[in-house]
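Pasting structure.txt here (compact mmCIF, C-alpha atoms):
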# COMPACT_ATOMS: atom_id res chain seq x y z
CA MET A 21 11.57 -8.59 -16.57
CA SER A 22 8.81 -10.27 -14.57
CA HIS A 23 5.41 -8.90 -13.71
CA ILE A 24 4.59 -7.77 -10.18
CA THR A 25 1.27 -7.91 -8.34
CA LEU A 26 1.17 -5.37 -5.53
CA ILE A 27 -1.27 -6.10 -2.69
CA ARG A 28 -2.30 -3.66 -0.02
CA HIS A 29 -2.49 -5.17 3.47
CA GLY A 30 -5.79 -6.01 5.12
CA GLN A 31 -7.63 -3.50 7.29
CA ALA A 32 -5.43 -2.41 10.18
CA ASN A 33 -6.24 -0.71 13.48
CA SER A 34 -7.85 2.33 11.86
CA GLY A 35 -8.60 4.07 15.16
CA ALA A 36 -4.90 4.39 16.03
CA ARG A 37 -3.11 7.73 16.39
CA ASP A 38 0.47 6.45 16.20
CA GLU A 39 2.37 4.07 13.94
CA ALA A 40 2.89 1.29 16.49
CA SER A 41 -0.79 1.11 17.47
CA TYR A 42 -1.91 1.10 13.83
CA ASP A 43 0.39 -1.74 12.81
CA ARG A 44 -1.80 -4.80 13.31
CA LEU A 45 -4.70 -6.25 11.37
CA SER A 46 -8.25 -5.97 12.59
CA PRO A 47 -10.37 -9.16 12.62
CA LEU A 48 -11.84 -7.99 9.30
CA GLY A 49 -8.31 -7.46 7.95
CA HIS A 50 -7.47 -11.10 8.68
CA GLN A 51 -10.67 -12.21 6.95
CA GLN A 52 -10.06 -10.03 3.88
CA SER A 53 -6.58 -11.52 3.56
CA ALA A 54 -7.83 -15.11 3.88
CA TRP A 55 -10.47 -14.46 1.22
CA LEU A 56 -7.84 -13.06 -1.12
CA GLY A 57 -5.58 -16.07 -0.63
CA ALA A 58 -8.49 -18.44 -1.31
CA HIS A 59 -9.36 -16.49 -4.46
CA LEU A 60 -5.80 -16.77 -5.79
CA ARG A 61 -5.76 -20.52 -5.11
CA ASP A 62 -9.20 -21.08 -6.64
CA ARG A 63 -8.16 -19.23 -9.82
CA GLN A 64 -4.83 -21.08 -9.85
CA GLN A 65 -2.98 -17.82 -10.35
CA HIS A 66 0.71 -18.66 -10.54
CA HIS A 67 3.25 -16.67 -8.55
CA ALA A 68 6.83 -17.82 -8.15
CA ARG A 69 7.88 -15.37 -5.43
CA LEU A 70 6.45 -13.54 -2.43
CA TYR A 71 7.79 -10.31 -0.96
CA THR A 72 6.52 -8.28 1.97
CA GLY A 73 7.54 -5.26 3.97
CA THR A 74 8.68 -5.90 7.52
CA LEU A 75 5.67 -4.27 9.18
CA ARG A 76 3.39 -6.46 11.27
CA ARG A 77 0.34 -5.78 9.07
CA HIS A 78 2.28 -6.93 5.99
CA VAL A 79 3.41 -10.13 7.68
CA GLU A 80 -0.07 -10.89 9.04
CA THR A 81 -1.65 -10.30 5.63
CA ALA A 82 0.77 -12.62 3.86
CA ASP A 83 0.36 -15.29 6.56
CA ALA A 84 -3.44 -15.18 6.28
CA MET A 85 -3.22 -15.44 2.48
CA ASP A 86 -1.47 -18.81 2.90
CA THR A 87 0.22 -18.78 -0.52
CA GLY A 88 2.64 -21.61 0.28
CA LEU A 89 5.53 -19.37 -0.76
CA THR A 90 8.43 -18.46 1.51
CA PRO A 91 8.33 -14.66 1.92
CA VAL A 92 11.26 -12.33 1.42
CA ARG A 93 11.00 -9.49 3.97
CA ASP A 94 12.28 -6.18 2.64
CA ALA A 95 12.07 -2.97 4.69
CA ARG A 96 12.14 -0.95 1.47
CA LEU A 97 8.54 -2.12 0.97
CA ASN A 98 7.40 -0.51 4.23
CA GLU A 99 4.84 2.27 4.28
CA LEU A 100 5.55 5.97 4.66
CA GLU A 101 4.84 7.05 8.26
CA TYR A 102 1.67 9.06 7.67
CA LEU A 103 0.72 9.40 11.33
CA THR A 104 4.19 10.63 12.29
CA LEU A 105 4.21 13.07 9.37
CA ALA A 106 0.75 14.34 10.28
CA ARG A 107 1.77 15.05 13.88
CA ALA A 108 4.90 16.88 12.70
CA MET A 109 2.78 18.89 10.25
CA GLU A 110 0.45 19.86 13.08
CA ASP A 111 3.28 20.85 15.41
CA GLU A 112 5.23 22.83 12.81
CA HIS A 113 2.50 24.36 10.65
CA GLY A 114 -0.65 24.28 12.77
CA VAL A 115 -2.45 21.95 10.33
CA ALA A 116 -4.88 20.00 12.48
CA PHE A 117 -4.74 16.22 12.53
CA PRO A 118 -7.82 14.92 10.65
CA THR A 119 -10.58 13.40 12.77
CA ASP A 120 -12.90 12.02 10.07
CA SER A 121 -12.78 10.68 6.51
CA ALA A 122 -13.60 14.06 4.95
CA GLY A 123 -10.78 15.69 6.87
CA PHE A 124 -8.37 12.93 5.86
CA THR A 125 -9.29 13.38 2.19
CA GLU A 126 -8.37 17.07 2.40
CA HIS A 127 -5.33 16.50 4.61
CA LEU A 128 -3.44 13.88 2.60
CA PRO A 129 -2.77 15.95 -0.57
CA ARG A 130 -1.64 18.90 1.56
CA LEU A 131 0.65 16.66 3.59
CA PHE A 132 2.15 15.02 0.51
CA GLN A 133 2.84 18.41 -1.06
CA ALA A 134 4.58 19.75 2.05
CA TRP A 135 6.56 16.52 2.39
CA GLN A 136 7.71 16.63 -1.22
CA ASN A 137 8.77 20.26 -0.74
CA ASP A 138 10.87 19.36 2.34
CA GLU A 139 8.67 21.60 4.50
CA ILE A 140 8.27 19.09 7.37
CA ALA A 141 11.42 19.20 9.46
CA GLY A 142 10.28 16.35 11.69
CA ALA A 143 9.66 13.93 8.82
CA PRO A 144 11.13 10.52 9.69
CA GLU A 145 12.12 10.08 6.04
CA ARG A 146 12.53 12.55 3.20
CA PHE A 147 10.14 12.24 0.28
CA ARG A 148 12.93 11.72 -2.22
CA ASP A 149 14.39 8.91 -0.10
CA PHE A 150 11.00 7.17 0.02
CA GLU A 151 10.71 7.56 -3.75
CA ALA A 152 14.19 6.13 -4.29
CA ARG A 153 13.73 3.08 -2.08
CA VAL A 154 10.41 2.18 -3.70
CA GLY A 155 11.90 2.43 -7.18
CA ASP A 156 14.97 0.41 -6.20
CA ALA A 157 12.98 -2.38 -4.55
CA LEU A 158 10.53 -2.77 -7.43
CA SER A 159 13.31 -2.70 -10.04
CA GLU A 160 15.11 -5.53 -8.25
CA ILE A 161 11.93 -7.58 -7.91
CA ALA A 162 11.07 -7.07 -11.58
CA ALA A 163 14.55 -8.30 -12.55
CA GLY A 164 13.96 -11.63 -10.76
CA GLU A 165 12.64 -14.90 -12.14
CA GLY A 166 8.89 -15.45 -12.34
CA PRO A 167 5.77 -13.49 -11.34
CA ALA A 168 5.99 -11.89 -7.90
CA LEU A 169 3.45 -11.05 -5.22
CA VAL A 170 4.35 -7.99 -3.12
CA VAL A 171 2.38 -7.37 0.09
CA THR A 172 2.80 -3.74 1.09
CA SER A 173 0.78 -0.57 1.83
CA GLY A 174 -1.34 1.98 0.02
CA GLY A 175 1.13 4.85 0.13
CA LEU A 176 3.83 2.69 -1.42
CA ILE A 177 1.44 1.47 -4.13
CA SER A 178 0.51 5.07 -4.96
CA MET A 179 4.23 5.88 -5.22
CA ALA A 180 4.73 2.94 -7.58
CA MET A 181 1.89 4.25 -9.74
CA ARG A 182 3.38 7.75 -9.61
CA GLN A 183 6.63 6.37 -10.98
CA VAL A 184 5.21 4.27 -13.81
CA LEU A 185 2.56 6.85 -14.82
CA ARG A 186 4.63 9.99 -14.05
CA LEU A 187 1.91 11.38 -11.79
CA ASP A 188 2.18 14.71 -10.01
CA ILE A 189 1.87 14.80 -6.24
CA ALA A 190 -1.85 15.68 -6.21
CA ALA A 191 -2.66 12.71 -8.45
CA MET A 192 -0.53 10.43 -6.30
CA ALA A 193 -2.48 11.50 -3.21
CA GLN A 194 -5.80 11.00 -4.99
CA MET A 195 -4.72 7.52 -5.99
CA ALA A 196 -3.65 6.68 -2.44
CA LEU A 197 -7.08 7.66 -1.12
CA ALA A 198 -8.79 5.23 -3.51
CA ILE A 199 -6.87 2.05 -2.64
CA TYR A 200 -8.90 -0.72 -0.99
CA ASN A 201 -7.54 -3.04 1.68
CA THR A 202 -6.29 -6.31 0.08
CA SER A 203 -6.66 -4.85 -3.42
CA GLN A 204 -4.47 -6.06 -6.30
CA HIS A 205 -2.41 -3.82 -8.60
CA GLN A 206 -0.41 -5.32 -11.43
CA LEU A 207 2.70 -3.95 -13.12
CA PHE A 208 3.64 -5.70 -16.35
CA PRO A 209 6.84 -5.33 -18.38
CA ILE A 210 6.11 -3.70 -21.72
CA GLY A 211 8.92 -2.43 -23.91
CA GLY A 212 11.48 -2.74 -21.14
CA ASN A 213 9.40 -0.73 -18.64
CA LEU A 214 6.82 -1.63 -16.02
CA SER A 215 3.32 -0.56 -17.02
CA PRO A 216 0.10 -0.79 -14.98
CA THR A 217 -2.32 -3.42 -16.25
CA MET A 218 -4.50 -3.65 -13.12
CA PHE A 219 -5.43 -1.18 -10.39
CA ASN A 220 -7.46 -1.63 -7.19
CA ALA A 221 -8.98 -4.99 -8.11
CA ILE A 222 -10.98 -6.72 -5.34
CA PRO A 223 -12.60 -9.76 -7.04
CA HIS A 224 -12.50 -11.66 -3.73
CA LEU A 225 -14.91 -9.06 -2.28
CA GLU A 226 -17.38 -8.90 -5.17
CA ASP A 227 -20.10 -11.06 -3.60
CA PRO A 228 -22.91 -8.92 -2.15
CA ASP A 229 -22.48 -10.52 1.27
CA ARG A 230 -18.89 -9.18 1.35
CA GLN A 231 -19.77 -5.59 0.54
CA HIS A 232 -19.09 -4.62 4.18
CA ALA A 233 -15.49 -5.80 3.70
CA ARG A 234 -14.65 -3.25 0.98
CA THR A 235 -12.68 -0.87 3.17
CA HIS A 236 -10.21 1.94 2.57
CA VAL A 237 -9.18 2.45 6.22
Can you turn what I pasted into structure tokens?
Amino acid sequence: MSHITLIRHGQANSGARDEASYDRLSPLGHQQSAWLGAHLRDRQQHHARLYTGTLRRHVETADAMDTGLTPVRDARLNELEYLTLARAMEDEHGVAFPTDSAGFTEHLPRLFQAWQNDEIAGAPERFRDFEARVGDALSEIAAGEGPALVVTSGGLISMAMRQVLRLDIAAMAQMALAIYNTSQHQLFPIGGNLSPTMFNAIPHLEDPDRQHARTHV
């Protein structure tokens, strides 16, 4: 097995209210991604393979990182459709769409729980199907040759951590809320299983003059 470094995409269009509008990097998102790529080159961190989802924000992040690797695009690495799920939750259950960060923090665990329980009829994807595709994709990547970079999204990273740490749904949601844009999360093979050896690392944003670039949304 090979180790995997998961990377959340750079800051996207956080003011969007639908999936299509959200799916592009902000100017800061491009800068965060370029800083991360420069950090990896400066530290001479070796990666043999690069994978991304097929979403625009994944592609733009990987392009700005400029790793020199030819990316493999895999739709199984795409994010859950939070905005679509949230609108369906509002329509079906009267749970208001969050309008600020405090509301989002309360909303996400409730949404994840309803989704896991198959209580959102308009969900574009069932929770168990999302869980299965994430597990399948990461298992295949881990079985490949050499360390791999995987550019994806926060919800998928929280699902990966749920699987390797056996987290309940509330803990998965709490983890998703914590994930920084362009953060690194490493899964390392130990005893035939992937184990987390790094979570939410942002060394490329540690300088005080980059504090403004430490974003969650």
Counting all atoms listed in the file, which residues of segment 56-170 of chain A fall within 10 Å of segment 209-229 of chain A, and what is the closest atom pair for each with its distance in Å at one decimal, ordered by chain and rising number, as a tab-separated table?
residue	atom	partner	partner_atom	distance
A:Leu56	CA	A:His224	CA	5.5
A:Gly57	CA	A:His224	CA	8.8
A:Ala58	CA	A:His224	CA	8.2
A:His59	CA	A:His224	CA	5.8
A:Leu60	CA	A:His224	CA	8.7
A:Leu158	CA	A:Leu214	CA	9.4
A:Ser159	CA	A:Leu214	CA	8.9
A:Ala162	CA	A:Pro209	CA	8.2
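Among the candidates A:Glu80, A:Ala95, A:Pro144, A:Asp62, the residue lying nearest to Gly49 of chain A is A:Glu80 (atoms considered: all atoms listed in the file).
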inquiry  = Considering only C-alpha atoms, can you say which of A:Pro167, A:Asp86, A:Gly142, A:Ala108 comes closest to His66 of chain A?
reply    = A:Pro167
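The space separating atom CA of Val92 of chain A from atom CA of Tyr71 of chain A comes to 4.7 Å.
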With 8 Å of padding per side, what axis-aligned box (centre and edge lengths, Å, one decimal) covers all the listed atoms of segment 139-156 of chain A? Give it as lines of an AutoDock Vina configuration file.
center_x = 11.6
center_y = 11.0
center_z = 2.3
size_x = 22.7
size_y = 37.2
size_z = 34.9
request  = Could you tell me which of A:Val170, A:Ala54, A:Ile27, A:Leu48 comes closest to Arg96 of chain A if we count only C-alpha atoms?
outcome  = A:Val170
message = Taking (9.8, 18.9, -1.6) in the coordinates of the supplied file, I want to know which residues reach to within 12 Å of it, counting only C-alpha atoms; could you give the answer as JSON, numbers by chain?
response = {"A": [130, 131, 132, 133, 134, 135, 136, 137, 138, 139, 140, 141, 143, 145, 146, 147, 148, 149, 150, 151, 189]}
Kindly output segment 144-168 of chain A as a compact mmCIF listing (two decimals), in the coordinates of the input, after building N, CA, C and O atoms.
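Result file is out.txt:
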# COMPACT_ATOMS: atom_id res chain seq x y z
N PRO A 144 10.19 11.61 9.39
CA PRO A 144 11.13 10.52 9.69
C PRO A 144 11.92 10.05 8.48
O PRO A 144 12.91 9.34 8.61
N GLU A 145 11.47 10.47 7.30
CA GLU A 145 12.12 10.08 6.04
C GLU A 145 11.80 11.16 5.02
O GLU A 145 10.69 11.67 4.95
N ARG A 146 12.77 11.54 4.23
CA ARG A 146 12.53 12.55 3.20
C ARG A 146 11.77 11.92 2.03
O ARG A 146 11.93 10.73 1.73
N PHE A 147 10.96 12.73 1.39
CA PHE A 147 10.14 12.24 0.28
C PHE A 147 11.01 11.59 -0.79
O PHE A 147 10.70 10.52 -1.30
N ARG A 148 12.10 12.24 -1.15
CA ARG A 148 12.93 11.72 -2.22
C ARG A 148 13.60 10.40 -1.84
O ARG A 148 13.86 9.56 -2.71
N ASP A 149 13.83 10.19 -0.54
CA ASP A 149 14.39 8.91 -0.10
C ASP A 149 13.34 7.80 -0.18
O ASP A 149 13.66 6.66 -0.55
N PHE A 150 12.10 8.13 0.17
CA PHE A 150 11.00 7.17 0.02
C PHE A 150 10.84 6.80 -1.45
O PHE A 150 10.75 5.62 -1.82
N GLU A 151 10.86 7.80 -2.31
CA GLU A 151 10.71 7.56 -3.75
C GLU A 151 11.82 6.66 -4.27
O GLU A 151 11.56 5.73 -5.06
N ALA A 152 13.04 6.91 -3.82
CA ALA A 152 14.19 6.13 -4.29
C ALA A 152 14.11 4.68 -3.83
O ALA A 152 14.38 3.75 -4.62
N ARG A 153 13.75 4.46 -2.57
CA ARG A 153 13.73 3.08 -2.08
C ARG A 153 12.63 2.25 -2.73
O ARG A 153 12.82 1.05 -3.00
N VAL A 154 11.49 2.89 -3.02
CA VAL A 154 10.41 2.18 -3.70
C VAL A 154 10.86 1.78 -5.10
O VAL A 154 10.70 0.63 -5.53
N GLY A 155 11.44 2.72 -5.83
CA GLY A 155 11.90 2.43 -7.18
C GLY A 155 12.97 1.35 -7.20
O GLY A 155 12.93 0.44 -8.05
N ASP A 156 13.90 1.41 -6.26
CA ASP A 156 14.97 0.41 -6.20
C ASP A 156 14.42 -0.99 -5.91
O ASP A 156 14.81 -1.98 -6.55
N ALA A 157 13.53 -1.07 -4.93
CA ALA A 157 12.98 -2.38 -4.55
C ALA A 157 12.20 -3.00 -5.71
O ALA A 157 12.37 -4.19 -6.03
N LEU A 158 11.35 -2.22 -6.35
CA LEU A 158 10.53 -2.77 -7.43
C LEU A 158 11.38 -3.14 -8.65
O LEU A 158 11.09 -4.13 -9.34
N SER A 159 12.41 -2.37 -8.93
CA SER A 159 13.31 -2.70 -10.04
C SER A 159 14.01 -4.04 -9.80
O SER A 159 14.13 -4.87 -10.72
N GLU A 160 14.44 -4.26 -8.57
CA GLU A 160 15.11 -5.53 -8.25
C GLU A 160 14.14 -6.70 -8.33
O GLU A 160 14.49 -7.78 -8.83
N ILE A 161 12.92 -6.51 -7.85
CA ILE A 161 11.93 -7.58 -7.91
C ILE A 161 11.58 -7.89 -9.37
O ILE A 161 11.50 -9.06 -9.77
N ALA A 162 11.40 -6.87 -10.17
CA ALA A 162 11.07 -7.07 -11.58
C ALA A 162 12.18 -7.80 -12.33
O ALA A 162 11.91 -8.52 -13.30
N ALA A 163 13.42 -7.65 -11.88
CA ALA A 163 14.55 -8.30 -12.55
C ALA A 163 14.68 -9.77 -12.18
O ALA A 163 15.47 -10.50 -12.79
N GLY A 164 13.89 -10.25 -11.21
CA GLY A 164 13.96 -11.63 -10.76
C GLY A 164 13.20 -12.57 -11.68
O GLY A 164 12.55 -12.17 -12.65
N GLU A 165 13.26 -13.85 -11.33
CA GLU A 165 12.64 -14.90 -12.14
C GLU A 165 11.21 -15.18 -11.69
O GLU A 165 10.98 -15.51 -10.53
N GLY A 166 10.26 -15.05 -12.59
CA GLY A 166 8.89 -15.45 -12.34
C GLY A 166 8.03 -14.37 -11.72
O GLY A 166 8.54 -13.44 -11.09
N PRO A 167 6.70 -14.48 -11.89
CA PRO A 167 5.77 -13.49 -11.34
C PRO A 167 5.89 -13.38 -9.83
O PRO A 167 6.07 -14.37 -9.14
N ALA A 168 5.79 -12.14 -9.33
CA ALA A 168 5.99 -11.89 -7.90
C ALA A 168 4.77 -11.24 -7.28
O ALA A 168 4.16 -10.35 -7.86
